[in-house]
Number of protein chains: 2
Amino acid sequence: MGNNQNLAAKVLFEKILDNIRLGIWPIGSAIPSERTLVSEFNVSRITVREALSMLKALGAISTSQGKRSVISPLDSNIISRLFPLMMSLQGEKTYEQIFEVRLAIESRTAYLAAVNRTEDDIVQIKALLEKLRIETSANIEQSIETDLQFHIQIAKSTQNPLFPALLNAISGFVTYVQVLSCRGNPVKRKRAMHFHETIADAIIGSDPERARVEMESHLRGSADKMLKSGMFKKKC
Amino acid sequence: MGNNQNLAAKVLFEKILDNIRLGIWPIGSAIPSERTLVSEFNVSRITVREALSMLKALGAISTSQGKRSVISPLDSNIISRLFPLMMSLQGEKTYEQIFEVRLAIESRTAYLAAVNRTEDDIVQIKALLEKLRIETSANIEQSIETDLQFHIQIAKSTQNPLFPALLNAISGFVTYVQVLSCRGNPVKRKRAMHFHETIADAIIGSDPERARVEMESHLRGSADKMLKSGMFKKKC
DNA sequence: CGGCTAAACTGGTATTACCAGTAGGGTGAT
DNA sequence: ATCACCCTACTGGTAATACCAGTTTAGCCG
């Protein structure tokens, strides 16, 4: 009655995934050829290719004709690509769940960035802030991308690569929300700009607690607007 | 130079995804049979099955032998499955980095659990606490697993499936740390037990701020111990 | 009319063959 | 000896066919 059959393709898929997870097939290395896997696992090439297709869909491997398939170094944006689809199907529930995670991550990145940021981070943050300032009143579409870059730069400033990776994973969600929330809404952009400046100021001034508080206010502000507007149900 | 070929399977995959997105094939409905898609898109059945495999990997459809494949709701547990993969594909990371993420997540789960926990959650938490109490003075190895279960239960109590998923993604490293930290160290276990009780008490008593603070203290306590032992900087 | 069976679906797997890129080794010219 | 070239033996990508194993359904028979 369920769908949990012992399908050969799925089994192979899991096996390969395990080999990746356990580091037997390191990132960037080439996995055995399809014909090799066929004889190794005693399955047909179809089964092998179906397993590889699943891995491809998850971004775990990348393939190109003539060359061996290789383990992808990292593709957190595969996850982010799913967000628009999920949002259009699930709407508010998903939105709130993701938002809560984002708040958990970013209130911490703001804090840690204020503690760990390097001089180079400060330069980057200031540059993005300036770019954002210009685009906010000129190119809205572009400013959404820069906005995301700003948040990711803060995550990088924690000096912990896992934070930008996590944020990147939900970046599809972030931009999706931004697009709906801010398109043709200069007032909201102005408000957001003010928060960005405050957050940057706190991080540069090594004031972690203030950075955290301002980041939370900033995110909650956007979230409230979204929930009220009911725009998250729109298709894209 | 990249891998963005016009692969028939990928094209079909996108087409089907579009049909889902646009609501042409609603959630729960059966998609055309593989043979139908074969003649409809003028591709071989292999190509069709590879496209469907990709959709399966993303959780967009579910298949079972003899029955038509159906569109399944693409909700956040897809992300739940992808987070662990993402973490394992992340390459070099230290226990310290993992810990920082854990702190970000768990200080939030403690808070949200105190807000959103159900009556059933309270029962579960109390049960795990009691199990922990017994094992702490009897079976250390087992208590580490129960410890993790306790933390995951708190994440579940947020009513947001993404939190337990994230915690699960980093649980492999978490337990490793616990083992190193507490093996044959009854005093530390006693201390941890006290924190567990306090956290549970705050969650049950709907005191989010206290739950958060206590959780942070608890985690930092373990972390400090790890820092002293020098194992914290290790790669994993 | 009701119950059972058999045919006509469905997805799952295997085999074979060929196309289309890539890389490596050998051969030729310089 | 060295370099350029090409040919061969790989690689993944696609197709056609056949069969297995479940599910559904239509029709037969009582």
# chains A, B, ... in the order shown; residues from 1 in each chain; ligands from 1

$ interface_residues --of "chain A" --to "chain C" --cutoff "9 Å" --atoms "only C-alpha atoms (C1' of nucleotides)" --output "MDAnalysis selection string"
chainID A and resid 7:8 43:47 64:67

$ select_by_dssp --residues "segment 30-154 of chain B" --states "strand (DSSP E)" --output "mmCIF file with N, CA, C and O atoms, in the first residue's frame"
data_model
loop_
_atom_site.group_PDB
_atom_site.id
_atom_site.type_symbol
_atom_site.label_atom_id
_atom_site.label_comp_id
_atom_site.auth_asym_id
_atom_site.auth_seq_id
_atom_site.Cartn_x
_atom_site.Cartn_y
_atom_site.Cartn_z
ATOM 1 N N ILE B 61 6.774 13.674 -7.635
ATOM 2 C CA ILE B 61 5.808 12.628 -7.964
ATOM 3 C C ILE B 61 6.107 11.394 -7.126
ATOM 4 O O ILE B 61 7.211 11.238 -6.608
ATOM 5 N N SER B 62 5.109 10.553 -6.986
ATOM 6 C CA SER B 62 5.347 9.273 -6.334
ATOM 7 C C SER B 62 4.821 8.182 -7.240
ATOM 8 O O SER B 62 3.772 8.324 -7.853
ATOM 9 N N VAL B 70 1.522 9.719 -9.525
ATOM 10 C CA VAL B 70 0.702 10.856 -9.116
ATOM 11 C C VAL B 70 1.569 12.011 -8.629
ATOM 12 O O VAL B 70 2.656 11.800 -8.089
ATOM 13 N N ILE B 71 1.063 13.207 -8.839
ATOM 14 C CA ILE B 71 1.728 14.403 -8.350
ATOM 15 C C ILE B 71 1.605 14.434 -6.831
ATOM 16 O O ILE B 71 0.509 14.340 -6.300
#

$ closest_residue --among "D:DT11, D:DT17, D:DC5, D:DT23" --to "chain B" --atoms "only C-alpha atoms (C1' of nucleotides)"
D:DT23

$ select_by_dssp --residues "segment 15-207 of chain A" --states "helix (DSSP H, G or I)" --output "PyMOL selection string"
chain A and resi 15-21+34-41+45-57+76-90+92-116+119-136+140-156+162-169+171-182+186-204

$ interface_residues --of "chain B" --to "chain A" --cutoff "6 Å" --atoms "only C-alpha atoms" --output "list of chain:residue names"
B:Asn3, B:Glu50, B:Ser53, B:Met54, B:Ala57, B:Ser64, B:Leu74, B:Asp75, B:Ser88, B:Leu89, B:Gln97, B:Ala104, B:Ile105, B:Arg108, B:Asn160

$ interface_residues --of "chain D" --to "chain B" --cutoff "12 Å" --atoms "only C-alpha atoms (C1' of nucleotides)" --output "PyMOL selection string"
chain D and resi 12-17+20-24

$ write_last_selection --atoms "N, CA, C and O atoms (P, O5', C5', C4', C3', O3' and C1' of nucleotides)" --output "short mmCIF file (atom, residue, chain, number, x, y, z; two decimals), in the first residue's frame"
data_model
loop_
_atom_site.label_atom_id
_atom_site.label_comp_id
_atom_site.auth_asym_id
_atom_site.auth_seq_id
_atom_site.Cartn_x
_atom_site.Cartn_y
_atom_site.Cartn_z
P DG D 12 30.15 7.25 -17.88
"O5'" DG D 12 29.23 8.26 -18.70
"C5'" DG D 12 29.17 9.62 -18.30
"C4'" DG D 12 28.44 10.44 -19.36
"C3'" DG D 12 26.91 10.42 -19.27
"O3'" DG D 12 26.38 11.65 -19.70
"C1'" DG D 12 27.59 9.56 -21.35
P DG D 13 24.78 11.88 -19.71
"O5'" DG D 13 24.38 11.53 -21.22
"C5'" DG D 13 24.41 12.56 -22.20
"C4'" DG D 13 23.50 12.20 -23.37
"C3'" DG D 13 22.05 11.90 -22.96
"O3'" DG D 13 21.17 12.57 -23.85
"C1'" DG D 13 22.92 10.11 -24.21
P DT D 14 19.57 12.43 -23.67
"O5'" DT D 14 19.23 11.25 -24.69
"C5'" DT D 14 19.41 11.46 -26.09
"C4'" DT D 14 19.01 10.23 -26.86
"C3'" DT D 14 17.60 9.73 -26.60
"O3'" DT D 14 16.82 9.99 -27.76
"C1'" DT D 14 19.17 7.94 -26.76
P DA D 15 15.27 9.60 -27.77
"O5'" DA D 15 15.27 8.15 -28.43
"C5'" DA D 15 15.95 7.95 -29.66
"C4'" DA D 15 15.94 6.47 -30.02
"C3'" DA D 15 14.60 5.78 -29.85
"O3'" DA D 15 14.10 5.39 -31.13
"C1'" DA D 15 16.40 4.44 -28.99
P DA D 16 12.60 4.86 -31.28
"O5'" DA D 16 12.75 3.27 -31.25
"C5'" DA D 16 13.73 2.66 -32.06
"C4'" DA D 16 13.75 1.15 -31.80
"C3'" DA D 16 12.36 0.54 -31.60
"O3'" DA D 16 12.24 -0.63 -32.40
"C1'" DA D 16 13.79 -0.02 -29.77
P DT D 17 10.81 -1.41 -32.46
"O5'" DT D 17 11.00 -2.62 -31.45
"C5'" DT D 17 12.20 -3.38 -31.49
"C4'" DT D 17 12.29 -4.31 -30.30
"C3'" DT D 17 10.97 -4.98 -29.89
"O3'" DT D 17 11.05 -6.37 -30.16
"C1'" DT D 17 12.23 -4.25 -28.00
P DC D 20 8.42 -13.20 -18.78
"O5'" DC D 20 8.48 -12.30 -17.45
"C5'" DC D 20 9.73 -12.09 -16.79
"C4'" DC D 20 9.54 -11.10 -15.64
"C3'" DC D 20 8.40 -11.45 -14.68
"O3'" DC D 20 8.88 -11.36 -13.35
"C1'" DC D 20 8.15 -9.23 -15.47
P DA D 21 7.99 -12.03 -12.15
"O5'" DA D 21 7.18 -10.77 -11.60
"C5'" DA D 21 7.89 -9.63 -11.13
"C4'" DA D 21 6.90 -8.54 -10.72
"C3'" DA D 21 5.67 -9.05 -9.97
"O3'" DA D 21 5.35 -8.11 -8.96
"C1'" DA D 21 4.99 -7.84 -11.83
P DG D 22 4.59 -8.57 -7.63
"O5'" DG D 22 4.10 -7.18 -7.03
"C5'" DG D 22 2.72 -6.94 -6.86
"C4'" DG D 22 2.26 -5.80 -7.74
"C3'" DG D 22 0.78 -5.50 -7.59
"O3'" DG D 22 0.62 -4.31 -6.83
"C1'" DG D 22 1.47 -5.48 -9.88
P DT D 23 -0.76 -3.96 -6.18
"O5'" DT D 23 -1.66 -3.37 -7.34
"C5'" DT D 23 -1.23 -2.20 -8.05
"C4'" DT D 23 -2.25 -1.86 -9.12
"C3'" DT D 23 -3.72 -1.87 -8.67
"O3'" DT D 23 -4.24 -0.59 -8.94
"C1'" DT D 23 -3.43 -3.05 -10.71
P DT D 24 -5.67 -0.19 -8.35
"O5'" DT D 24 -6.59 -0.25 -9.64
"C5'" DT D 24 -6.16 0.45 -10.81
"C4'" DT D 24 -6.88 -0.12 -12.02
"C3'" DT D 24 -8.41 -0.11 -11.93
"O3'" DT D 24 -8.86 0.74 -12.95
"C1'" DT D 24 -7.57 -2.16 -12.82
#

$ atom_distance --atom1 "atom CA of Arg210 of chain B" --atom2 "atom CA of Leu219 of chain A"
22.7 Å

$ residues_around --residues "Ser206 of chain A" --least-positions-apart "2" --cutoff "9 Å" --atoms "only C-alpha atoms (C1' of nucleotides)" --output "list of chain:residue names"
A:Tyr111, A:Ala113, A:Ala114, A:Val115, A:Asn116, A:Arg117, A:Asp201, A:Ala202, A:Ile203, A:Ile204, A:Pro208, A:Ala211

$ write_last_selection --atoms "N, CA, C and O atoms" --output "short mmCIF file (atom, residue, chain, number, x, y, z; two decimals), in the first residue's frame"
data_model
loop_
_atom_site.label_atom_id
_atom_site.label_comp_id
_atom_site.auth_asym_id
_atom_site.auth_seq_id
_atom_site.Cartn_x
_atom_site.Cartn_y
_atom_site.Cartn_z
N TYR A 111 24.96 38.50 14.65
CA TYR A 111 25.70 38.53 15.91
C TYR A 111 27.17 38.14 15.69
O TYR A 111 28.08 38.87 16.08
N ALA A 113 28.88 37.95 12.97
CA ALA A 113 29.60 38.83 12.05
C ALA A 113 30.17 40.02 12.80
O ALA A 113 31.30 40.45 12.54
N ALA A 114 29.40 40.53 13.74
CA ALA A 114 29.87 41.67 14.53
C ALA A 114 31.07 41.29 15.39
O ALA A 114 31.87 42.14 15.76
N VAL A 115 31.21 40.01 15.68
CA VAL A 115 32.33 39.55 16.48
C VAL A 115 33.54 39.22 15.61
O VAL A 115 34.68 39.58 15.94
N ASN A 116 33.29 38.57 14.50
CA ASN A 116 34.38 37.97 13.73
C ASN A 116 34.76 38.68 12.44
O ASN A 116 35.68 38.26 11.76
N ARG A 117 34.03 39.71 12.06
CA ARG A 117 34.28 40.33 10.76
C ARG A 117 35.71 40.83 10.64
O ARG A 117 36.26 41.39 11.57
N ASP A 201 26.19 49.05 10.39
CA ASP A 201 26.84 49.90 11.38
C ASP A 201 27.17 49.11 12.65
O ASP A 201 28.27 49.23 13.21
N ALA A 202 26.23 48.30 13.07
CA ALA A 202 26.44 47.51 14.29
C ALA A 202 27.54 46.48 14.09
O ALA A 202 28.37 46.25 14.98
N ILE A 203 27.57 45.88 12.91
CA ILE A 203 28.60 44.87 12.63
C ILE A 203 29.97 45.51 12.56
O ILE A 203 30.93 45.03 13.17
N ILE A 204 30.05 46.62 11.84
CA ILE A 204 31.33 47.31 11.72
C ILE A 204 31.79 47.82 13.09
O ILE A 204 32.97 47.77 13.42
N PRO A 208 27.59 43.13 18.63
CA PRO A 208 26.84 41.93 18.23
C PRO A 208 25.37 41.95 18.65
O PRO A 208 24.50 41.58 17.85
N ALA A 211 23.42 44.23 16.46
CA ALA A 211 23.31 43.64 15.12
C ALA A 211 22.21 42.60 15.09
O ALA A 211 21.40 42.55 14.16
#

$ residues_around --residues "Glu197 of chain B" --least-positions-apart "3" --cutoff "12 Å" --atoms "only C-alpha atoms (C1' of nucleotides)" --output "PyMOL selection string"
chain B and resi 125-130+132-133+147+150+190-194+200-205+211+214-215+218

$ atom_distance --atom1 "atom CA of Pro32 of chain B" --atom2 "atom CA of Ser69 of chain B"
7.9 Å

$ atom_distance --atom1 "atom CA of Leu37 of chain B" --atom2 "atom CA of Lys15 of chain B"
11.3 Å
